[in-house]
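Presented below is the structure to which this report refers.
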Amino acid sequence: MDAIVAEDLRKHYKDIQALDGVSFSVRDGEVFGLLGPNGAGKSTAVRTLTTLTRPDSGRAIVAGEDVIRHPNRVRRSIGYVAQDSGVDWEATGRENLLLQGRIHGMAGAPLRARVDELLELVGLREAADRIARNYSGGMKRRLDIAIGLVHRPRVLFLDEPTTGLDPEARVALWDEVERLAQQESLTILLTTHYLEEADRLAERVAIMSRGKIVVEGTPGELKANLRGELVTVELGDANGRIEDAAEIVRSIAGATEVGVDGRLVRTRVPNGAQAIPTILSALDSRGFQVESVTTARPSLDDVYLHYTGRDFATEDAAGKG
Amino acid sequence: MQLLRQTGWMIVRQLRNLMREPIWIALMVIQPLIWLLLYGQLFSRVGALRGGASSYIEFLTPGIICMNAFFGGSWSGMAMIADLDRHVIDRFLAAPASRFALILSQVVRAGIIAVIQALILLLLGLVLGVRIHGGALGWLVVFAAAALLAMAFAGLSHGIALTVRREASMIAAANFVGLPLMFLSAILIPPTQMPHWIAQISRFNPVNWGVHAARNAIVNGGHWGSTGLYLLLLLAAVAATSLFATWSFRAYQRSI
Ligand SMILES: Nc1ncnc2c1ncn2[C@@H]1O[C@H](COP(=O)(O)OP(=O)(O)OP(=O)(O)O)[C@@H](O)[C@H]1O
Ligand SMILES: [Mg+2]
């Protein structure tokens, strides 16, 4: 069974096509990552699936219910942690959680116990009875996440949940998301700018750009699809001749996506071990001193850069322009 | 049931949050008193303004009670703007919170505050020699008039808040609606002293329905039939503006 199905969702704001035919599905119990640059339409997609925004056209089923025809049924089974914190600043953390539980029809001792459990879980036990206005950004974020979980949703939407968290809190949250996904068989749709986060948490990811999903798959598949290896050459002293060095590398057969960054020249080649000697001798013959050479298999960053059009080639072009 | 429960908890939230603002509480108590004392002094020498009351302060007390209720209601939508800005409303809307409960709680909150202020004003009035000629029923009518007036304009204010969604526009809209209604009313002077055309227009001014009801209760101690009619009209206005505000969630949701 699929916990989330989006079919050809479209949504425009004035002259901006925020969603331009978005389709994907998320299996029950899966953690799904939605990646993409600013303005790609991730939050719009999430708002549509959480019944806040009505799409212009298309269809979406969340937790077995149609978001347009039965929004209230969807609302009962989802938790939503929006990109912008929805904490009530004048209430305490505990009061925020109690009210959210009551909106979901919870009451009495079970609600109080659940709230205590969540406060413990997100590390806000000590601060539970303080006014949220005085919480730090990270504390507010953790409260947001607890609020999204209070009614034990089946499907959880996390829109950039770890933005603004310190590294320690981020790792703690990752552990928590993993635990939730496993133990409570919660389906999670997560948007993020941290590829490391998607790589670690998401079983499958989709990359969005300009309102469209440009590629979808497991992180492993996406990396494997990106043929070749990344070679990075560090020049000892390029004194203004770095562009010449890039030109030399560009002329080598098989070298694509050549770009520069300070004293570094980067390129993608089909096979690093074969290309490196050629690159080194070409640079050497033109008087460049090479400090170091590294090769790397594609990371999710590379996949992201490749598909969002912000790859080395365009960066290079932009740099020249 | 779910609707009433949600409304109840939302009211608890709002009143509790307000109780945490000592300055707000102080102003809520002091402001109506200042109005009553200031206007009471300002016009006290003008005998014609009394309109059958034994003193201008007696004439003015129901007017100030209604002015307070009306202003309180008109500005109450600022709370909605704050909730929109903090994305609290988005959180509620993505949960199974009833839109009507969200509005009703704000409207009832405005009514409760208006009743508290009316009580404070009546007590000060008693100290200043005002008699409530309508007796126990008179007290009830004054509270009902204050509550309904505040609630009717709270509904309108929340509808506007959800439509304009920005503080500056909200302030402009509240002034645009509020000040003319205030001056086209019998809050400060009896209809007999108004230019004819203003007196005619003021009959359709909901603020005036409240003022007449409250003045019947305090000054006249009678005319219960027309008083009841005014209260019914106000109740209809509460229903109409609350439904308008609930419907305005659509406008808001179209913008996000
Ligand atoms: N309420 C709105 N009114 C008008 N335009 C909007 C609105 N919400 C989003 N947009 C536009 O739609 C596009 C997609 O925005 P969205 O917030 O979905 O992107 P995103 O992928 O979440 O970006 P980010 O990573 O910055 O959060 C953007 O161009 C944005 O300006
Ligand atoms: Mg976003």
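All residue names refer to the structure tokens as shown: chains lettered A, B, ... in order, residues numbered from 1 in each chain, ligands numbered from 1 in order.
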Would you list which chain A residues are within 9 Å of chain B using only C-alpha atoms, as a VMD selection string?
chain A and resid 13 44 47 50 to 54 71 to 82 84 to 91 95 99 to 100 102 to 105 148
Store the residues picked out above, limited to N, CA and C atoms, as a short mmCIF file (atom, residue, chain, number, x, y, z; two decimals), in the first residue's frame.
data_model
loop_
_atom_site.label_atom_id
_atom_site.label_comp_id
_atom_site.auth_asym_id
_atom_site.auth_seq_id
_atom_site.Cartn_x
_atom_site.Cartn_y
_atom_site.Cartn_z
N TYR A 13 0.99 30.36 -8.57
CA TYR A 13 0.75 31.61 -7.84
C TYR A 13 1.02 32.73 -8.83
N THR A 44 5.40 23.83 -1.34
CA THR A 44 4.08 23.86 -1.97
C THR A 44 3.55 22.44 -2.10
N ARG A 47 2.46 21.40 1.37
CA ARG A 47 1.22 22.07 1.77
C ARG A 47 0.02 21.48 1.04
N THR A 50 -0.79 18.16 2.71
CA THR A 50 -1.31 18.30 4.07
C THR A 50 -2.64 19.07 4.08
N THR A 51 -3.26 19.24 2.95
CA THR A 51 -4.59 19.84 2.77
C THR A 51 -4.64 21.36 2.96
N LEU A 52 -3.46 22.00 3.14
CA LEU A 52 -3.50 23.45 3.35
C LEU A 52 -3.75 24.19 2.05
N THR A 53 -3.08 23.74 1.00
CA THR A 53 -3.19 24.40 -0.30
C THR A 53 -3.97 23.49 -1.23
N ARG A 54 -4.89 24.09 -1.97
CA ARG A 54 -5.65 23.30 -2.93
C ARG A 54 -4.96 23.38 -4.28
N PRO A 71 -10.56 16.21 3.10
CA PRO A 71 -9.40 16.79 3.79
C PRO A 71 -9.38 16.47 5.29
N ASN A 72 -10.56 16.46 5.92
CA ASN A 72 -10.54 16.24 7.37
C ASN A 72 -10.11 14.84 7.75
N ARG A 73 -10.43 13.86 6.89
CA ARG A 73 -9.95 12.50 7.17
C ARG A 73 -8.44 12.44 7.05
N VAL A 74 -7.90 13.15 6.06
CA VAL A 74 -6.44 13.18 5.90
C VAL A 74 -5.82 13.82 7.12
N ARG A 75 -6.41 14.94 7.56
CA ARG A 75 -5.84 15.69 8.69
C ARG A 75 -5.74 14.84 9.94
N ARG A 76 -6.68 13.91 10.11
CA ARG A 76 -6.64 13.09 11.31
C ARG A 76 -5.46 12.13 11.31
N SER A 77 -4.97 11.75 10.15
CA SER A 77 -3.91 10.74 10.16
C SER A 77 -2.52 11.29 9.83
N ILE A 78 -2.41 12.60 9.68
CA ILE A 78 -1.08 13.13 9.37
C ILE A 78 -0.56 14.03 10.48
N GLY A 79 0.77 14.11 10.53
CA GLY A 79 1.43 15.11 11.35
C GLY A 79 2.18 16.02 10.39
N TYR A 80 2.19 17.31 10.70
CA TYR A 80 2.79 18.27 9.77
C TYR A 80 3.72 19.19 10.54
N VAL A 81 5.00 19.13 10.20
CA VAL A 81 5.96 20.07 10.78
C VAL A 81 6.35 21.00 9.64
N ALA A 82 5.78 22.21 9.67
CA ALA A 82 5.96 23.14 8.55
C ALA A 82 7.37 23.72 8.57
N ASP A 84 8.06 26.84 8.48
CA ASP A 84 8.02 27.92 9.46
C ASP A 84 7.37 27.39 10.73
N SER A 85 8.04 27.59 11.84
CA SER A 85 7.54 27.08 13.11
C SER A 85 6.12 27.55 13.39
N GLY A 86 5.29 26.65 13.87
CA GLY A 86 3.90 27.00 14.20
C GLY A 86 3.67 27.05 15.70
N VAL A 87 4.75 27.24 16.46
CA VAL A 87 4.63 27.28 17.92
C VAL A 87 3.87 28.53 18.36
N ASP A 88 2.98 28.35 19.32
CA ASP A 88 2.31 29.50 19.96
C ASP A 88 3.28 30.07 20.99
N TRP A 89 3.79 31.26 20.71
CA TRP A 89 4.86 31.83 21.53
C TRP A 89 4.44 32.17 22.95
N GLU A 90 3.16 32.48 23.13
CA GLU A 90 2.74 32.93 24.47
C GLU A 90 2.36 31.75 25.36
N ALA A 91 2.39 30.55 24.83
CA ALA A 91 2.03 29.38 25.63
C ALA A 91 3.30 28.61 25.97
N GLU A 95 1.66 23.41 27.10
CA GLU A 95 0.34 23.89 26.67
C GLU A 95 0.17 23.76 25.16
N LEU A 99 -2.88 21.44 23.66
CA LEU A 99 -3.91 21.97 22.75
C LEU A 99 -3.95 21.19 21.45
N GLN A 100 -2.76 20.89 20.91
CA GLN A 100 -2.72 20.13 19.66
C GLN A 100 -3.39 18.77 19.84
N ARG A 102 -5.71 18.07 21.96
CA ARG A 102 -7.16 18.26 22.11
C ARG A 102 -7.81 18.51 20.76
N ILE A 103 -7.11 19.22 19.88
CA ILE A 103 -7.66 19.42 18.54
C ILE A 103 -7.87 18.07 17.86
N HIS A 104 -6.99 17.13 18.20
CA HIS A 104 -7.12 15.79 17.62
C HIS A 104 -8.05 14.91 18.44
N GLY A 105 -8.77 15.50 19.38
CA GLY A 105 -9.76 14.74 20.13
C GLY A 105 -9.21 13.93 21.28
N GLY A 148 3.88 17.77 15.99
CA GLY A 148 3.48 16.98 14.83
C GLY A 148 3.24 15.51 15.17
#
Secondary structure check, strand (DSSP E or B) residues of segment 123-263 of chain A, as a CSV table (one decimal) with C-alpha atoms, in the first residue's frame:
chain,number,residue,atom,x,y,z
A,131,ILE,CA,6.8,30.2,27.8
A,155,VAL,CA,2.1,9.8,7.9
A,156,LEU,CA,4.5,12.6,9.0
A,157,PHE,CA,5.5,15.5,6.9
A,158,LEU,CA,8.7,17.2,7.9
A,159,ASP,CA,9.5,20.4,5.9
A,187,THR,CA,5.6,7.0,6.8
A,188,ILE,CA,7.8,10.1,6.6
A,189,LEU,CA,8.1,12.7,3.8
A,190,LEU,CA,11.0,14.9,4.5
A,191,THR,CA,12.3,17.9,2.6
A,192,THR,CA,15.8,19.0,3.2
A,204,ARG,CA,14.1,6.9,-1.6
A,205,VAL,CA,14.6,10.5,-2.8
A,206,ALA,CA,13.1,12.7,-5.4
A,207,ILE,CA,14.9,15.8,-6.7
A,208,MET,CA,12.7,18.8,-7.6
A,209,SER,CA,13.5,21.7,-9.8
A,212,LYS,CA,9.0,19.3,-11.5
A,213,ILE,CA,10.5,16.1,-10.2
A,214,VAL,CA,13.6,15.7,-12.3
A,215,VAL,CA,14.7,12.3,-10.9
A,216,GLU,CA,13.6,9.8,-8.3
A,217,GLY,CA,15.2,6.7,-6.8
A,229,GLU,CA,34.2,9.7,-11.2
A,230,LEU,CA,35.1,13.1,-10.0
A,231,VAL,CA,38.7,14.1,-10.3
A,232,THR,CA,40.0,17.1,-8.3
A,233,VAL,CA,43.5,18.5,-9.1
A,234,GLU,CA,45.1,20.9,-6.8
A,235,LEU,CA,47.7,23.2,-8.4
A,256,THR,CA,33.4,16.6,-18.9
A,257,GLU,CA,32.0,19.2,-16.5
A,258,VAL,CA,35.3,20.9,-16.0
A,259,GLY,CA,35.2,23.6,-13.4
A,260,VAL,CA,37.6,25.7,-11.2
A,261,ASP,CA,37.5,26.7,-7.6
Would you mind listing the residues within 8 Å of ligand 1, counting only C-alpha atoms and all ligand atoms, as a PDB file with C-alpha atoms, in the first residue's frame?
ATOM      1  CA  HIS A  12       0.396  28.333  -9.712  1.00  0.00           C
ATOM      2  CA  TYR A  13       0.746  31.608  -7.843  1.00  0.00           C
ATOM      3  CA  LYS A  14       0.152  34.558 -10.159  1.00  0.00           C
ATOM      4  CA  ILE A  16       4.814  31.386 -10.906  1.00  0.00           C
ATOM      5  CA  GLN A  17       4.162  27.730 -11.655  1.00  0.00           C
ATOM      6  CA  ALA A  18       5.077  26.357  -8.238  1.00  0.00           C
ATOM      7  CA  LEU A  19       4.020  22.769  -9.063  1.00  0.00           C
ATOM      8  CA  LEU A  35      15.268  17.619  -2.389  1.00  0.00           C
ATOM      9  CA  GLY A  36      15.649  20.712  -4.485  1.00  0.00           C
ATOM     10  CA  PRO A  37      16.951  24.268  -4.521  1.00  0.00           C
ATOM     11  CA  ASN A  38      15.093  27.245  -3.022  1.00  0.00           C
ATOM     12  CA  GLY A  39      11.805  27.859  -4.776  1.00  0.00           C
ATOM     13  CA  ALA A  40      11.710  24.395  -6.364  1.00  0.00           C
ATOM     14  CA  GLY A  41       8.216  23.820  -4.981  1.00  0.00           C
ATOM     15  CA  LYS A  42       8.929  21.433  -2.108  1.00  0.00           C
ATOM     16  CA  SER A  43       6.926  23.334   0.475  1.00  0.00           C
ATOM     17  CA  THR A  44       4.082  23.865  -1.972  1.00  0.00           C
ATOM     18  CA  ALA A  45       3.984  20.109  -2.565  1.00  0.00           C
ATOM     19  CA  VAL A  46       3.935  19.464   1.171  1.00  0.00           C
ATOM     20  CA  GLN A  83       9.053  24.931   7.337  1.00  0.00           C
ATOM     21  CA  ASP A 159       9.487  20.384   5.892  1.00  0.00           C
ATOM     22  CA  GLU A 160      13.155  21.161   6.549  1.00  0.00           C
ATOM     23  CA  THR A 192      15.782  19.040   3.200  1.00  0.00           C
ATOM     24  CA  HIS A 193      18.717  20.988   1.844  1.00  0.00           C
ATOM     25  CA  MET A 208      12.652  18.762  -7.599  1.00  0.00           C
ATOM     26  CA  SER A 209      13.536  21.695  -9.758  1.00  0.00           C
ATOM     27  CA  ARG A 210      11.224  24.454 -10.965  1.00  0.00           C
ATOM     28  CA  GLY A 211       8.039  22.667  -9.965  1.00  0.00           C
TER      29      GLY A 211
ATOM     30  CA  SER B 255      -3.320  32.681  -0.833  1.00  0.00           C
ATOM     31  CA  ILE B 256      -1.029  29.976   0.530  1.00  0.00           C
TER      32      ILE B 256
END
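Restricting the calculation to only C-alpha atoms and all ligand atoms, the smallest distance between ligand 2 and any of A:Asn96, A:Thr163, A:Ser185, A:Thr294 is found for A:Thr163.
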Find, counting only C-alpha atoms and all ligand atoms, the residue in A:Arg266, A:Ala6, A:Leu34, A:Pro153 that gets nearest to ligand 2.
A:Leu34
I'd like the contact shell of Arg10 of chain A - 7 Å cut-off, only C-alpha atoms, skipping same-chain residues fewer than 4 positions apart - returned as a ChimeraX atom specification.
/A:19-22,55-58
Show me, as a PDB file with C-alpha atoms, in the first residue's frame, the residues that have an atom within 12 Å of Ser248 of chain B when counting only C-alpha atoms, minus same-chain residues fewer than 5 positions from it.
ATOM      1  CA  MET B  80      -5.738  36.526  14.109  1.00  0.00           C
ATOM      2  CA  ARG B  99     -12.759  26.634  11.139  1.00  0.00           C
ATOM      3  CA  PHE B 100     -15.925  27.692  12.855  1.00  0.00           C
ATOM      4  CA  LEU B 102     -11.389  28.986  15.452  1.00  0.00           C
ATOM      5  CA  ILE B 103     -13.655  31.963  14.738  1.00  0.00           C
ATOM      6  CA  GLY B 155     -16.634  38.475  13.493  1.00  0.00           C
ATOM      7  CA  LEU B 156     -16.231  41.282  10.989  1.00  0.00           C
ATOM      8  CA  SER B 157     -12.727  42.034  12.232  1.00  0.00           C
ATOM      9  CA  HIS B 158     -11.629  38.408  11.874  1.00  0.00           C
ATOM     10  CA  GLY B 159     -13.103  38.186   8.405  1.00  0.00           C
ATOM     11  CA  ILE B 160     -11.115  41.268   7.434  1.00  0.00           C
ATOM     12  CA  ALA B 161      -7.985  39.900   9.122  1.00  0.00           C
ATOM     13  CA  LEU B 162      -8.181  36.690   7.091  1.00  0.00           C
ATOM     14  CA  THR B 163      -8.791  38.647   3.917  1.00  0.00           C
ATOM     15  CA  VAL B 164      -6.067  41.311   4.225  1.00  0.00           C
ATOM     16  CA  ARG B 165      -3.652  39.243   6.355  1.00  0.00           C
ATOM     17  CA  THR B 241     -20.223  38.210  10.673  1.00  0.00           C
ATOM     18  CA  SER B 242     -19.057  34.940  12.260  1.00  0.00           C
ATOM     19  CA  LEU B 243     -20.110  33.039   9.171  1.00  0.00           C
ATOM     20  CA  GLN B 253      -6.172  29.254   2.012  1.00  0.00           C
ATOM     21  CA  ARG B 254      -6.244  30.377  -1.587  1.00  0.00           C
ATOM     22  CA  SER B 255      -3.320  32.681  -0.833  1.00  0.00           C
TER      23      SER B 255
END
Select from segment 47-232 of chain B everything DSSP, run on the backbone, classes as alpha helix (DSSP H), then give the selection as a ChimeraX atom specification.
/B:56-75,78-85,88-93,99-127,135-164,167-183,196-202,206-215,224-232
Hey, can you spit out that residue selection with C-alpha atoms as a tab-separated table (two decimals), in the first residue's frame?
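Generated file (again.tsv):
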chain	number	residue	atom	x	y	z
B	56	TYR	CA	-24.77	63.41	31.55
B	57	ILE	CA	-22.65	60.68	33.14
B	58	GLU	CA	-25.77	58.51	33.39
B	59	PHE	CA	-26.51	59.17	29.74
B	60	LEU	CA	-22.91	58.51	28.80
B	61	THR	CA	-22.27	55.28	30.74
B	62	PRO	CA	-24.22	52.98	28.36
B	63	GLY	CA	-22.61	54.81	25.43
B	64	ILE	CA	-19.07	54.26	26.70
B	65	ILE	CA	-19.86	50.63	27.52
B	66	CYS	CA	-20.92	50.10	23.92
B	67	MET	CA	-18.04	52.12	22.49
B	68	ASN	CA	-15.65	49.89	24.38
B	69	ALA	CA	-17.35	46.74	23.26
B	70	PHE	CA	-17.43	47.95	19.69
B	71	PHE	CA	-13.78	49.04	19.61
B	72	GLY	CA	-12.69	45.89	21.40
B	73	GLY	CA	-14.49	43.78	18.82
B	74	SER	CA	-13.21	45.80	15.87
B	75	TRP	CA	-9.59	45.41	16.91
B	78	MET	CA	-5.24	41.64	15.40
B	79	ALA	CA	-5.01	38.38	17.34
B	80	MET	CA	-5.74	36.53	14.11
B	81	ILE	CA	-3.03	38.49	12.29
B	82	ALA	CA	-0.55	37.53	15.01
B	83	ASP	CA	-1.58	33.87	14.72
B	84	LEU	CA	-1.23	34.00	10.95
B	85	ASP	CA	2.21	35.59	11.21
B	88	VAL	CA	-0.20	28.90	14.30
B	89	ILE	CA	-3.27	29.04	12.06
B	90	ASP	CA	-1.57	26.89	9.41
B	91	ARG	CA	-0.84	24.34	12.09
B	92	PHE	CA	-4.47	24.30	13.21
B	93	LEU	CA	-5.77	24.13	9.64
B	99	ARG	CA	-12.76	26.63	11.14
B	100	PHE	CA	-15.92	27.69	12.85
B	101	ALA	CA	-14.44	26.85	16.26
B	102	LEU	CA	-11.39	28.99	15.45
B	103	ILE	CA	-13.65	31.96	14.74
B	104	LEU	CA	-16.21	31.30	17.44
B	105	SER	CA	-13.51	31.16	20.09
B	106	GLN	CA	-12.15	34.56	19.05
B	107	VAL	CA	-15.64	36.03	18.89
B	108	VAL	CA	-16.61	34.70	22.32
B	109	ARG	CA	-13.30	35.89	23.73
B	110	ALA	CA	-14.11	39.43	22.52
B	111	GLY	CA	-17.56	39.11	24.12
B	112	ILE	CA	-16.14	38.00	27.48
B	113	ILE	CA	-13.73	40.93	27.58
B	114	ALA	CA	-16.52	43.35	26.69
B	115	VAL	CA	-18.62	42.03	29.56
B	116	ILE	CA	-15.74	42.43	32.01
B	117	GLN	CA	-15.23	46.00	30.85
B	118	ALA	CA	-18.96	46.67	31.04
B	119	LEU	CA	-18.96	45.46	34.65
B	120	ILE	CA	-16.05	47.75	35.53
B	121	LEU	CA	-17.79	50.71	33.88
B	122	LEU	CA	-21.09	50.01	35.60
B	123	LEU	CA	-19.35	49.87	38.96
B	124	LEU	CA	-17.59	53.17	38.32
B	125	GLY	CA	-20.91	54.59	37.12
B	126	LEU	CA	-22.55	53.59	40.40
B	127	VAL	CA	-19.78	55.40	42.27
B	135	GLY	CA	-32.83	46.74	37.88
B	136	ALA	CA	-31.49	43.20	37.59
B	137	LEU	CA	-32.88	42.83	34.07
B	138	GLY	CA	-31.16	46.10	33.23
B	139	TRP	CA	-27.78	44.70	34.25
B	140	LEU	CA	-28.36	41.62	32.12
B	141	VAL	CA	-29.40	43.69	29.12
B	142	VAL	CA	-26.29	45.87	29.42
B	143	PHE	CA	-24.06	42.80	29.52
B	144	ALA	CA	-25.88	41.23	26.59
B	145	ALA	CA	-25.64	44.42	24.55
B	146	ALA	CA	-21.91	44.76	25.26
B	147	ALA	CA	-21.20	41.10	24.51
B	148	LEU	CA	-23.23	40.96	21.31
B	149	LEU	CA	-21.83	44.22	20.00
B	150	ALA	CA	-18.26	43.10	20.63
B	151	MET	CA	-18.98	39.72	19.06
B	152	ALA	CA	-20.62	41.15	15.95
B	153	PHE	CA	-17.63	43.37	15.25
B	154	ALA	CA	-15.18	40.65	16.24
B	155	GLY	CA	-16.63	38.48	13.49
B	156	LEU	CA	-16.23	41.28	10.99
B	157	SER	CA	-12.73	42.03	12.23
B	158	HIS	CA	-11.63	38.41	11.87
B	159	GLY	CA	-13.10	38.19	8.40
B	160	ILE	CA	-11.12	41.27	7.43
B	161	ALA	CA	-7.98	39.90	9.12
B	162	LEU	CA	-8.18	36.69	7.09
B	163	THR	CA	-8.79	38.65	3.92
B	164	VAL	CA	-6.07	41.31	4.22
B	167	GLU	CA	-1.18	44.32	10.17
B	168	ALA	CA	-1.00	47.68	8.38
B	169	SER	CA	-4.03	46.87	6.20
B	170	MET	CA	-5.86	45.63	9.26
B	171	ILE	CA	-5.27	48.89	11.15
B	172	ALA	CA	-6.41	50.92	8.15
B	173	ALA	CA	-9.54	48.78	7.74
B	174	ALA	CA	-10.44	48.95	11.44
B	175	ASN	CA	-10.18	52.75	11.41
B	176	PHE	CA	-12.04	52.99	8.15
B	177	VAL	CA	-14.99	51.05	9.55
B	178	GLY	CA	-14.72	52.07	13.19
B	179	LEU	CA	-14.50	55.83	13.29
B	180	PRO	CA	-17.50	56.60	11.02
B	181	LEU	CA	-19.67	54.11	12.91
B	182	MET	CA	-18.64	55.74	16.15
B	183	PHE	CA	-19.62	59.24	14.97
B	196	HIS	CA	-31.64	64.70	10.73
B	197	TRP	CA	-29.73	62.72	8.08
B	198	ILE	CA	-27.25	61.36	10.63
B	199	ALA	CA	-30.11	60.33	12.88
B	200	GLN	CA	-31.66	58.45	9.95
B	201	ILE	CA	-28.45	56.68	9.01
B	202	SER	CA	-27.65	55.84	12.60
B	206	PRO	CA	-25.36	48.13	14.68
B	207	VAL	CA	-23.42	50.17	17.25
B	208	ASN	CA	-26.60	52.08	17.83
B	209	TRP	CA	-28.66	48.96	18.40
B	210	GLY	CA	-26.37	48.20	21.31
B	211	VAL	CA	-26.39	51.78	22.58
B	212	HIS	CA	-30.19	51.98	22.54
B	213	ALA	CA	-30.57	48.64	24.28
B	214	ALA	CA	-28.05	49.57	26.98
B	215	ARG	CA	-29.56	53.05	27.41
B	224	TRP	CA	-38.19	46.12	26.81
B	225	GLY	CA	-39.87	45.25	23.53
B	226	SER	CA	-37.66	47.42	21.37
B	227	THR	CA	-34.69	46.47	23.55
B	228	GLY	CA	-35.31	42.82	22.81
B	229	LEU	CA	-35.54	43.60	19.14
B	230	TYR	CA	-32.19	45.42	19.20
B	231	LEU	CA	-30.59	42.46	20.93
B	232	LEU	CA	-32.05	40.09	18.35
Record the distance separating atom CA of Leu42 of chain B and atom CA of His133 of chain B, expressed in Å with one decimal.
24.3 Å
Would you list the contacts of Leu119 of chain A as a ChimeraX atom specification, taking every protein, DNA or RNA residue within 9 Å and counting only C-alpha atoms, but skipping same-chain residues closer than 2 positions in sequence?
/A:93-94,97,114-117,121-128,143,146
